[in-house]
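Listing of start12.cif; format and content: mmCIF, C-alpha atoms.
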data_coords
loop_
_atom_site.label_atom_id
_atom_site.label_comp_id
_atom_site.auth_asym_id
_atom_site.auth_seq_id
_atom_site.Cartn_x
_atom_site.Cartn_y
_atom_site.Cartn_z
CA MET T 1 22.32 15.75 -23.77
CA THR T 2 22.66 15.47 -27.55
CA GLU T 3 19.96 16.39 -30.01
CA ALA T 4 19.45 12.73 -30.83
CA THR T 5 18.83 11.88 -27.17
CA GLY T 6 16.97 15.03 -26.16
CA PRO T 7 14.25 15.09 -23.52
CA THR T 8 11.17 13.03 -24.22
CA GLU T 9 8.28 15.17 -25.42
CA THR T 10 5.52 15.45 -22.82
CA LEU T 11 2.52 13.42 -23.87
CA THR T 12 -0.79 15.22 -24.30
CA ALA T 13 -3.77 14.15 -22.19
CA VAL T 14 -5.22 12.12 -25.06
CA ALA T 15 -1.89 10.49 -25.83
CA GLN T 16 -1.48 9.58 -22.17
CA ALA T 17 -4.93 8.00 -22.12
CA LEU T 18 -4.18 6.02 -25.27
CA GLU T 19 -0.86 4.87 -23.83
CA ARG T 20 -2.54 3.62 -20.66
CA ILE T 21 -5.25 1.86 -22.66
CA GLY T 22 -2.65 0.12 -24.79
CA ARG T 23 -0.67 -0.94 -21.73
CA LEU T 24 -3.47 -1.92 -19.34
CA ASP T 25 -6.48 -2.97 -21.37
CA PRO T 26 -5.16 -6.35 -22.59
CA GLY T 27 -5.38 -7.51 -18.97
CA LEU T 28 -8.68 -5.82 -18.12
CA GLY T 29 -10.85 -5.94 -21.25
CA ALA T 30 -12.55 -2.60 -20.65
CA PHE T 31 -12.70 -1.48 -24.29
CA ILE T 32 -14.34 -3.01 -27.33
CA GLU T 33 -13.02 -0.28 -29.66
CA VAL T 34 -10.23 2.30 -29.36
CA TRP T 35 -9.96 5.28 -31.73
CA PRO T 36 -6.38 6.60 -31.55
CA ALA T 37 -6.23 8.36 -34.92
CA GLU T 38 -9.59 10.08 -34.51
CA ALA T 39 -8.88 11.09 -30.92
CA LEU T 40 -5.46 12.60 -31.67
CA ALA T 41 -6.91 14.45 -34.65
CA ARG T 42 -9.70 15.97 -32.52
CA GLU T 43 -7.44 17.07 -29.68
CA PRO T 44 -5.81 20.27 -31.05
CA ALA T 45 -9.13 22.02 -31.73
CA ALA T 46 -10.68 20.62 -28.53
CA ARG T 47 -7.99 22.27 -26.39
CA HIS T 48 -9.56 25.66 -27.13
CA LEU T 49 -12.97 24.62 -25.75
CA PRO T 50 -14.11 24.45 -22.10
CA LEU T 51 -13.12 20.79 -21.50
CA ARG T 52 -9.71 21.41 -23.12
CA GLY T 53 -9.42 18.01 -24.77
CA LEU T 54 -10.47 15.91 -21.77
CA PRO T 55 -10.25 12.25 -22.87
CA PHE T 56 -13.35 10.23 -22.09
CA ALA T 57 -14.85 6.85 -22.95
CA VAL T 58 -18.36 6.03 -24.11
CA LYS T 59 -20.50 3.09 -23.07
CA GLY T 60 -20.94 0.38 -25.67
CA PRO T 61 -20.92 0.38 -29.46
CA THR T 62 -23.64 3.04 -29.75
CA GLY T 63 -22.34 5.31 -26.99
CA ILE T 64 -20.68 7.76 -29.36
CA ARG T 65 -24.14 8.66 -30.71
CA SER T 66 -25.66 9.35 -27.29
CA TYR T 67 -26.84 12.82 -26.32
CA ALA T 68 -24.30 12.97 -23.50
CA ALA T 69 -21.37 12.09 -25.77
CA ARG T 70 -22.38 14.69 -28.34
CA ARG T 71 -22.61 17.37 -25.65
CA LEU T 72 -19.22 16.44 -24.21
CA ILE T 73 -17.60 16.55 -27.65
CA ALA T 74 -19.15 19.96 -28.34
CA ALA T 75 -17.62 21.21 -25.08
CA GLY T 76 -14.13 19.97 -25.98
CA GLY T 77 -14.12 16.42 -24.70
CA VAL T 78 -12.28 13.84 -26.80
CA PRO T 79 -13.75 10.31 -27.03
CA VAL T 80 -10.98 7.71 -27.09
CA GLY T 81 -12.99 4.50 -27.32
CA ALA T 82 -16.12 2.49 -26.60
CA THR T 83 -16.31 0.33 -23.48
CA SER T 84 -17.59 -3.19 -23.03
CA VAL T 85 -21.13 -4.20 -22.14
CA PRO T 86 -22.72 -7.64 -21.72
CA ARG T 87 -23.39 -9.41 -24.97
CA PRO T 88 -26.96 -10.07 -26.16
CA GLY T 89 -28.53 -13.05 -24.45
CA THR T 90 -26.24 -12.90 -21.42
CA TYR T 91 -28.41 -10.79 -19.15
CA TRP T 92 -26.89 -12.22 -15.99
CA GLN T 93 -23.29 -11.81 -17.12
CA THR T 94 -22.50 -8.39 -15.77
CA TRP T 95 -19.14 -8.25 -17.47
CA GLY T 96 -18.50 -7.25 -21.03
CA GLN T 97 -16.70 -9.03 -23.83
CA GLY T 98 -14.04 -7.34 -25.93
CA PRO T 99 -11.10 -8.20 -28.19
CA HIS T 100 -9.01 -9.19 -25.17
CA GLY T 101 -11.70 -11.38 -23.60
CA ARG T 102 -14.06 -10.75 -20.76
CA THR T 103 -13.94 -7.60 -18.67
CA VAL T 104 -12.47 -8.21 -15.22
CA ASN T 105 -12.66 -6.32 -11.96
CA PRO T 106 -9.42 -4.33 -11.57
CA TRP T 107 -9.34 -5.13 -7.84
CA ARG T 108 -9.89 -8.88 -8.23
CA ALA T 109 -9.72 -10.44 -11.67
CA ASP T 110 -11.75 -13.44 -10.51
CA ARG T 111 -14.74 -11.16 -9.85
CA THR T 112 -17.10 -9.27 -12.13
CA PRO T 113 -16.86 -5.48 -12.38
CA GLY T 114 -20.67 -5.26 -12.43
CA GLY T 115 -22.76 -4.05 -15.30
CA SER T 116 -23.97 -3.14 -17.66
CA SER T 117 -21.60 -0.15 -17.69
CA ALA T 118 -18.85 -2.66 -16.99
CA GLY T 119 -16.07 -1.38 -19.20
CA SER T 120 -16.75 2.25 -18.33
CA ALA T 121 -16.25 1.54 -14.63
CA VAL T 122 -13.08 -0.48 -15.23
CA ALA T 123 -11.61 2.15 -17.57
CA VAL T 124 -12.10 4.83 -14.92
CA ALA T 125 -10.95 2.68 -11.99
CA ALA T 126 -7.74 1.72 -13.78
CA GLY T 127 -6.99 5.32 -14.72
CA MET T 128 -7.29 4.78 -18.46
CA VAL T 129 -9.71 7.72 -18.66
CA GLU T 130 -10.88 10.32 -16.16
CA LEU T 131 -14.55 10.04 -17.12
CA ALA T 132 -16.85 7.65 -18.97
CA THR T 133 -20.49 7.76 -19.97
CA GLY T 134 -22.96 5.17 -18.76
CA SER T 135 -26.65 4.44 -18.62
CA ASP T 136 -28.64 3.04 -15.73
CA GLY T 137 -31.90 1.14 -16.04
CA ALA T 138 -31.68 -0.90 -12.84
CA GLY T 139 -28.29 0.01 -11.38
CA SER T 140 -26.09 -0.26 -14.45
CA VAL T 141 -23.99 2.76 -13.43
CA ARG T 142 -24.17 2.45 -9.65
CA VAL T 143 -23.43 -1.29 -9.35
CA PRO T 144 -20.18 -1.23 -11.37
CA ALA T 145 -19.20 2.04 -9.66
CA ALA T 146 -19.61 0.33 -6.28
CA TRP T 147 -17.74 -2.82 -7.29
CA CYS T 148 -14.88 -0.98 -9.01
CA GLY T 149 -14.35 1.65 -6.32
CA VAL T 150 -15.30 4.73 -8.35
CA PHE T 151 -18.04 7.36 -8.38
CA GLY T 152 -21.16 6.74 -10.45
CA LEU T 153 -24.23 8.93 -10.93
CA LYS T 154 -27.64 8.11 -12.40
CA THR T 155 -29.45 11.29 -13.37
CA THR T 156 -33.12 11.97 -12.72
CA ASN T 157 -35.17 9.87 -15.11
CA GLY T 158 -36.36 11.94 -18.07
CA LEU T 159 -33.90 14.75 -17.42
CA LEU T 160 -31.76 13.71 -20.40
CA PRO T 161 -32.79 11.96 -23.62
CA SER T 162 -32.82 8.17 -23.40
CA PRO T 163 -33.57 5.53 -26.05
CA ASP T 164 -35.26 3.36 -23.41
CA ARG T 165 -38.99 3.32 -24.13
CA SER T 166 -39.83 1.92 -20.69
CA GLY T 167 -38.57 5.09 -19.00
CA LEU T 168 -36.46 3.10 -16.56
CA ALA T 169 -33.04 3.91 -18.01
CA SER T 170 -31.36 7.25 -17.47
CA ALA T 171 -28.04 8.67 -18.61
CA GLY T 172 -25.18 8.59 -16.15
CA VAL T 173 -21.48 9.12 -15.65
CA LEU T 174 -18.57 7.32 -14.02
CA ALA T 175 -15.55 9.22 -12.72
CA ARG T 176 -12.70 8.84 -10.26
CA SER T 177 -14.53 11.12 -7.83
CA ALA T 178 -17.68 13.18 -7.40
CA ALA T 179 -15.63 16.27 -8.27
CA GLY T 180 -14.47 14.52 -11.44
CA ALA T 181 -18.08 13.98 -12.51
CA GLU T 182 -18.89 17.69 -12.33
CA PRO T 183 -17.82 18.42 -15.97
CA PHE T 184 -20.44 15.92 -17.13
CA LEU T 185 -23.31 17.73 -15.44
CA ARG T 186 -21.91 21.15 -16.30
CA HIS T 187 -21.77 20.46 -20.02
CA VAL T 188 -24.53 17.88 -20.54
CA LEU T 189 -27.38 19.42 -18.54
CA GLU T 190 -29.09 22.42 -20.05
CA GLY T 191 -29.09 25.40 -17.71
CA TYR T 192 -26.74 23.78 -15.22
CA GLU T 193 -25.77 26.03 -12.33
CA GLU T 194 -23.15 24.86 -9.87
CA PRO T 195 -24.74 24.94 -6.41
CA ALA T 196 -23.02 26.39 -3.40
CA ALA T 197 -21.42 23.96 -1.00
CA PRO T 198 -24.23 22.60 1.18
CA PRO T 199 -24.32 23.58 4.86
CA LEU T 200 -23.09 20.82 7.14
CA PRO T 201 -24.10 18.59 8.71
CA LEU T 202 -26.39 17.22 6.01
CA PRO T 203 -29.66 15.88 7.45
CA ALA T 204 -29.98 12.31 6.15
CA VAL T 205 -31.92 9.10 6.57
CA TYR T 206 -29.94 5.85 6.56
CA SER T 207 -31.55 2.56 5.57
CA GLU T 208 -29.52 -0.63 5.45
CA ASP T 209 -32.04 -2.63 3.43
CA LEU T 210 -34.90 -0.30 2.34
CA GLY T 211 -37.19 -2.66 4.21
CA TYR T 212 -36.87 -5.69 1.95
CA ALA T 213 -33.32 -6.46 0.75
CA ASP T 214 -31.13 -9.26 2.14
CA VAL T 215 -27.78 -7.54 2.64
CA ASP T 216 -24.44 -9.31 3.12
CA PRO T 217 -23.51 -8.57 6.77
CA GLU T 218 -19.95 -7.53 5.88
CA VAL T 219 -21.16 -5.18 3.14
CA ALA T 220 -23.63 -3.68 5.62
CA ALA T 221 -20.87 -3.27 8.20
CA VAL T 222 -18.56 -1.46 5.76
CA VAL T 223 -21.32 0.96 4.76
CA ARG T 224 -22.42 1.52 8.36
CA ALA T 225 -18.81 2.30 9.33
CA ALA T 226 -18.65 4.88 6.54
CA VAL T 227 -21.92 6.45 7.70
CA ASP T 228 -20.66 6.54 11.30
CA ARG T 229 -17.51 8.30 10.08
CA LEU T 230 -19.65 10.89 8.29
CA VAL T 231 -21.60 11.52 11.47
CA ALA T 232 -18.46 11.74 13.61
CA SER T 233 -16.89 14.23 11.19
CA GLY T 234 -19.93 16.51 11.28
CA THR T 235 -20.71 15.90 7.60
CA VAL T 236 -24.01 14.08 8.17
CA ARG T 237 -26.66 14.23 10.85
CA LEU T 238 -28.88 11.16 10.88
CA VAL T 239 -32.59 11.79 11.29
CA GLU T 240 -34.86 9.19 12.84
CA HIS T 241 -37.17 8.66 9.91
CA GLY T 242 -37.85 5.26 8.42
CA CYS T 243 -37.56 4.34 4.75
CA GLU T 244 -39.42 1.07 4.41
CA LEU T 245 -40.25 0.43 0.76
CA LEU T 246 -42.10 -2.42 -0.92
CA ASP T 247 -39.85 -4.78 -2.87
CA PRO T 248 -39.81 -3.27 -6.39
CA ALA T 249 -38.63 -6.41 -8.21
CA GLY T 250 -42.00 -7.42 -9.65
CA ALA T 251 -42.95 -3.87 -10.58
CA TRP T 252 -39.60 -3.26 -12.30
CA GLN T 253 -39.97 -6.48 -14.28
CA ALA T 254 -43.53 -5.57 -15.28
CA VAL T 255 -42.46 -2.14 -16.53
CA ARG T 256 -39.45 -3.57 -18.37
CA GLY T 257 -41.71 -6.20 -19.90
CA GLY T 258 -44.08 -3.56 -21.29
CA ALA T 259 -46.87 -4.01 -18.73
CA PRO T 260 -46.55 -0.97 -16.45
CA GLY T 261 -50.30 -0.84 -15.85
CA THR T 262 -50.68 -4.11 -13.99
CA PRO T 263 -52.43 -3.56 -10.64
CA GLU T 264 -49.47 -4.91 -8.69
CA ALA T 265 -46.95 -2.66 -10.44
CA VAL T 266 -49.14 0.42 -10.07
CA ALA T 267 -49.73 -0.28 -6.37
CA VAL T 268 -46.03 -0.82 -5.60
CA ARG T 269 -44.94 2.31 -7.45
CA ARG T 270 -47.61 4.47 -5.85
CA ALA T 271 -46.78 3.22 -2.34
CA ASN T 272 -43.04 3.65 -2.79
CA ASP T 273 -43.42 7.11 -4.32
CA ASP T 274 -45.50 8.20 -1.34
CA ARG T 275 -42.93 6.85 1.11
CA LEU T 276 -40.01 8.47 -0.72
CA ASP T 277 -41.88 11.77 -0.93
CA ALA T 278 -42.18 11.64 2.86
CA VAL T 279 -38.45 10.99 3.25
CA PHE T 280 -37.43 13.89 1.02
CA ALA T 281 -39.92 16.21 2.69
CA ALA T 282 -37.95 15.57 5.89
CA VAL T 283 -34.33 15.43 4.65
CA PRO T 284 -32.40 16.16 1.44
CA LEU T 285 -30.45 12.90 1.45
CA LEU T 286 -31.12 9.16 1.70
CA LEU T 287 -28.17 6.81 2.33
CA THR T 288 -28.09 3.06 1.65
CA PRO T 289 -25.58 0.44 0.56
CA ALA T 290 -25.28 0.56 -3.23
CA THR T 291 -25.48 -3.22 -3.54
CA PRO T 292 -26.57 -5.91 -1.09
CA ASN T 293 -23.64 -8.11 -2.08
CA ARG T 294 -19.99 -7.97 -3.00
CA PRO T 295 -18.81 -8.66 -6.58
CA HIS T 296 -19.61 -12.23 -7.57
CA GLY T 297 -17.52 -14.50 -9.75
CA HIS T 298 -17.68 -14.66 -13.54
CA GLU T 299 -19.83 -17.77 -13.42
CA GLY T 300 -22.85 -15.65 -12.49
CA PRO T 301 -24.71 -14.30 -9.45
CA GLY T 302 -26.87 -17.32 -8.67
CA GLU T 303 -30.10 -16.23 -7.01
CA LEU T 304 -28.77 -12.86 -5.87
CA TYR T 305 -29.99 -9.56 -7.30
CA SER T 306 -27.15 -7.05 -7.15
CA THR T 307 -29.76 -4.45 -8.20
CA ALA T 308 -31.95 -5.00 -5.14
CA LEU T 309 -31.10 -1.58 -3.66
CA THR T 310 -30.78 0.40 -6.88
CA TRP T 311 -33.74 -0.37 -9.13
CA ALA T 312 -36.29 1.16 -6.77
CA PHE T 313 -34.93 4.55 -7.89
CA ASN T 314 -35.22 3.71 -11.58
CA LEU T 315 -38.92 3.12 -10.94
CA SER T 316 -39.28 6.28 -8.87
CA GLY T 317 -36.99 8.40 -11.08
CA HIS T 318 -34.84 9.87 -8.30
CA PRO T 319 -31.21 10.78 -9.01
CA ALA T 320 -28.84 8.42 -7.22
CA ALA T 321 -25.11 7.96 -6.93
CA SER T 322 -22.61 5.46 -5.57
CA LEU T 323 -19.30 6.46 -4.04
CA PRO T 324 -16.59 4.31 -2.44
CA ALA T 325 -17.31 3.35 1.17
CA GLY T 326 -14.47 0.90 1.85
CA PHE T 327 -13.55 -2.73 1.29
CA THR T 328 -14.61 -6.14 2.53
CA GLY T 329 -11.97 -8.33 4.11
CA ASP T 330 -11.37 -10.16 0.83
CA GLY T 331 -10.48 -6.95 -1.00
CA CYS T 332 -13.76 -6.13 -2.73
CA PRO T 333 -14.88 -2.48 -2.98
CA VAL T 334 -18.19 -1.51 -1.39
CA GLY T 335 -20.36 1.43 -2.46
CA LEU T 336 -22.43 3.91 -0.47
CA GLN T 337 -25.58 4.98 -2.33
CA LEU T 338 -26.80 8.58 -2.08
CA VAL T 339 -30.32 9.43 -3.26
CA ALA T 340 -31.90 12.89 -3.50
CA ALA T 341 -35.20 14.45 -4.59
CA ARG T 342 -36.11 14.37 -8.28
CA GLY T 343 -34.45 17.08 -10.32
CA THR T 344 -31.85 17.96 -7.69
CA ASP T 345 -28.96 16.35 -9.56
CA ALA T 346 -26.57 19.27 -9.11
CA ARG T 347 -27.37 19.42 -5.40
CA LEU T 348 -26.84 15.67 -5.10
CA LEU T 349 -23.41 16.03 -6.68
CA ALA T 350 -22.54 18.82 -4.23
CA MET T 351 -23.63 16.63 -1.31
CA ALA T 352 -21.63 13.72 -2.73
CA ARG T 353 -18.54 15.93 -2.83
CA ALA T 354 -19.01 16.80 0.83
CA VAL T 355 -19.49 13.15 1.78
CA GLU T 356 -16.53 12.06 -0.31
CA GLY T 357 -14.30 14.61 1.38
CA ALA T 358 -15.00 13.07 4.79
CA LEU T 359 -14.19 9.48 3.76
CA PRO T 360 -10.71 7.99 3.24
CA PRO T 361 -9.50 8.19 -0.38
CA VAL T 362 -9.55 4.95 -2.34
CA ARG T 363 -6.10 3.46 -2.86
CA ARG T 364 -5.29 2.85 -6.51
#

Let me see the file written as structure tokens.
Amino acid sequence: MTEATGPTETLTAVAQALERIGRLDPGLGAFIEVWPAEALAREPAARHLPLRGLPFAVKGPTGIRSYAARRLIAAGGVPVGATSVPRPGTYWQTWGQGPHGRTVNPWRADRTPGGSSAGSAVAVAAGMVELATGSDGAGSVRVPAAWCGVFGLKTTNGLLPSPDRSGLASAGVLARSAAGAEPFLRHVLEGYEEPAAPPLPLPAVYSEDLGYADVDPEVAAVVRAAVDRLVASGTVRLVEHGCELLDPAGAWQAVRGGAPGTPEAVAVRRANDDRLDAVFAAVPLLLTPATPNRPHGHEGPGELYSTALTWAFNLSGHPAASLPAGFTGDGCPVGLQLVAARGTDARLLAMARAVEGALPPVRR
């Protein structure tokens, strides 16, 4: 082989991410901004830090200024771009809008990827980055994680700084797997200590609808099959303990609207907190579907609330995650939601890794 036609130089991790973004993003619309020059300039110094130049994406135009992004950069992560979020005034449009058009679900372009961390989920699902930051005020990490077939974690409310004055939104992360999300917790949480692998089987409560949600029967069947597999593998042991909550929709809307002290909101939150405290006094893990529905079309969700099973835990503050459970017959990913006691984020991630290991890997 002559000098002129010598072997192609191996691309660095950042260069590989940028190449994939350039090749794939015109069809997916995950990014609103890409920073090739800045990312490549950061990489040489970042390689000497703990994350060794790990390329990651940040949620939305202000994501680079978030506490999580700053911590990741300090640990040697390299931000390569900002991902799409719904535009102002389009609260129901759970896809973003970028230079290439709307953000599409990488599994079915006619369906939404979920939101509001839409682009972050798509960027991870398509392999453009290994990890992306998100935030979750009603399910904005867990819903797109479920619908894009990736792992998504909402941290305990108040554990990390958040600009949300209502207290509903918490920082989160999207990754290809629960193991892939570990660097986020390790380097973003102060005093993080990796827990030992949990003893199996994990005692858990399973609730299909939390006592109030109207769940698509096929979505419920996919999640139940995943739970049955966990039981059969010895990963989970189901405990007969109910988890019947009051519908949190009105309370969530009151808190978001700046009226957290209304009698109805206070009563719902107090009742649900008491019921969840009873669950986590009995078991370390609560399992539910992540969403009651499959990804809807880009025209909007109609009367459905894709957040019906997630926003209860924004009100209560519990850490919660979604990991891939399988697919509906029409090719839409379905998520399994894992919820743990407040402040046990590292333990939740360890349990998610155990659960993930017992389920079939997601095809890419």

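When the PyMOL selection byres ((chain T and resi 306) around 7) is evaluated on the file shown here, the picked residues come out as T:Thr291, T:Pro292, T:Asn293, T:Leu304, T:Tyr305, T:Thr307, T:Ala308.
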
Just want the 12 Å neighbourhood of Val266 (chain T), counted on all atoms listed in the file, with same-chain residues fewer than 3 positions away dropped. Output as a ChimeraX atom specification. /T:246,248,250-252,254-255,259-263,269-273,315-316

Restricting the calculation to all atoms listed in the file: of T:Tyr206, T:His100, T:Ser84, T:Ala221, which residue gets closest to Gly22 (chain T)? T:His100

Picked residues, the PyMOL selection byres ((chain T and resi 124) around 10), as a PDB file with C-alpha atoms, keeping the file's coordinate frame:
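Final output, expr37.pdb:
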ATOM      1  CA  ALA T  30     -12.550  -2.600 -20.650  1.00  0.00           C
ATOM      2  CA  PHE T  56     -13.350  10.230 -22.090  1.00  0.00           C
ATOM      3  CA  ALA T  57     -14.850   6.850 -22.950  1.00  0.00           C
ATOM      4  CA  GLY T 119     -16.070  -1.380 -19.200  1.00  0.00           C
ATOM      5  CA  SER T 120     -16.750   2.250 -18.330  1.00  0.00           C
ATOM      6  CA  ALA T 121     -16.250   1.540 -14.630  1.00  0.00           C
ATOM      7  CA  VAL T 122     -13.080  -0.480 -15.230  1.00  0.00           C
ATOM      8  CA  ALA T 123     -11.610   2.150 -17.570  1.00  0.00           C
ATOM      9  CA  ALA T 125     -10.950   2.680 -11.990  1.00  0.00           C
ATOM     10  CA  ALA T 126      -7.740   1.720 -13.780  1.00  0.00           C
ATOM     11  CA  GLY T 127      -6.990   5.320 -14.720  1.00  0.00           C
ATOM     12  CA  MET T 128      -7.290   4.780 -18.460  1.00  0.00           C
ATOM     13  CA  VAL T 129      -9.710   7.720 -18.660  1.00  0.00           C
ATOM     14  CA  GLU T 130     -10.880  10.320 -16.160  1.00  0.00           C
ATOM     15  CA  LEU T 131     -14.550  10.040 -17.120  1.00  0.00           C
ATOM     16  CA  ALA T 132     -16.850   7.650 -18.970  1.00  0.00           C
ATOM     17  CA  ALA T 145     -19.200   2.040  -9.660  1.00  0.00           C
ATOM     18  CA  CYS T 148     -14.880  -0.980  -9.010  1.00  0.00           C
ATOM     19  CA  GLY T 149     -14.350   1.650  -6.320  1.00  0.00           C
ATOM     20  CA  VAL T 150     -15.300   4.730  -8.350  1.00  0.00           C
ATOM     21  CA  PHE T 151     -18.040   7.360  -8.380  1.00  0.00           C
ATOM     22  CA  LEU T 174     -18.570   7.320 -14.020  1.00  0.00           C
ATOM     23  CA  ALA T 175     -15.550   9.220 -12.720  1.00  0.00           C
ATOM     24  CA  ARG T 176     -12.700   8.840 -10.260  1.00  0.00           C
ATOM     25  CA  SER T 177     -14.530  11.120  -7.830  1.00  0.00           C
TER      26      SER T 177
END

Take every atom of region 106-112 of chain T listed in the file, pad by 8 Å on each side, and give me the axis-aligned box centre and edge lengths in Å, one decimal, as AutoDock Vina command-line options.
--center_x -13.2 --center_y -8.9 --center_z -10.0 --size_x 23.8 --size_y 25.1 --size_z 20.3

Find the distance between CA of Ala265 (chain T) and CA of Leu287 (chain T) and write it in Å to one decimal. 24.6 Å

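Counting only C-alpha atoms, the residue from T:Val231, T:Leu309, T:Val215, T:Leu285 that sits nearest to Leu359 (chain T) is T:Val231.
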
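Matched in the shown structure by the PyMOL selection byres ((chain T and resi 116) around 6): Val85, Thr94, Gly115, Ser117, Ala118 and Ser140 of chain T.
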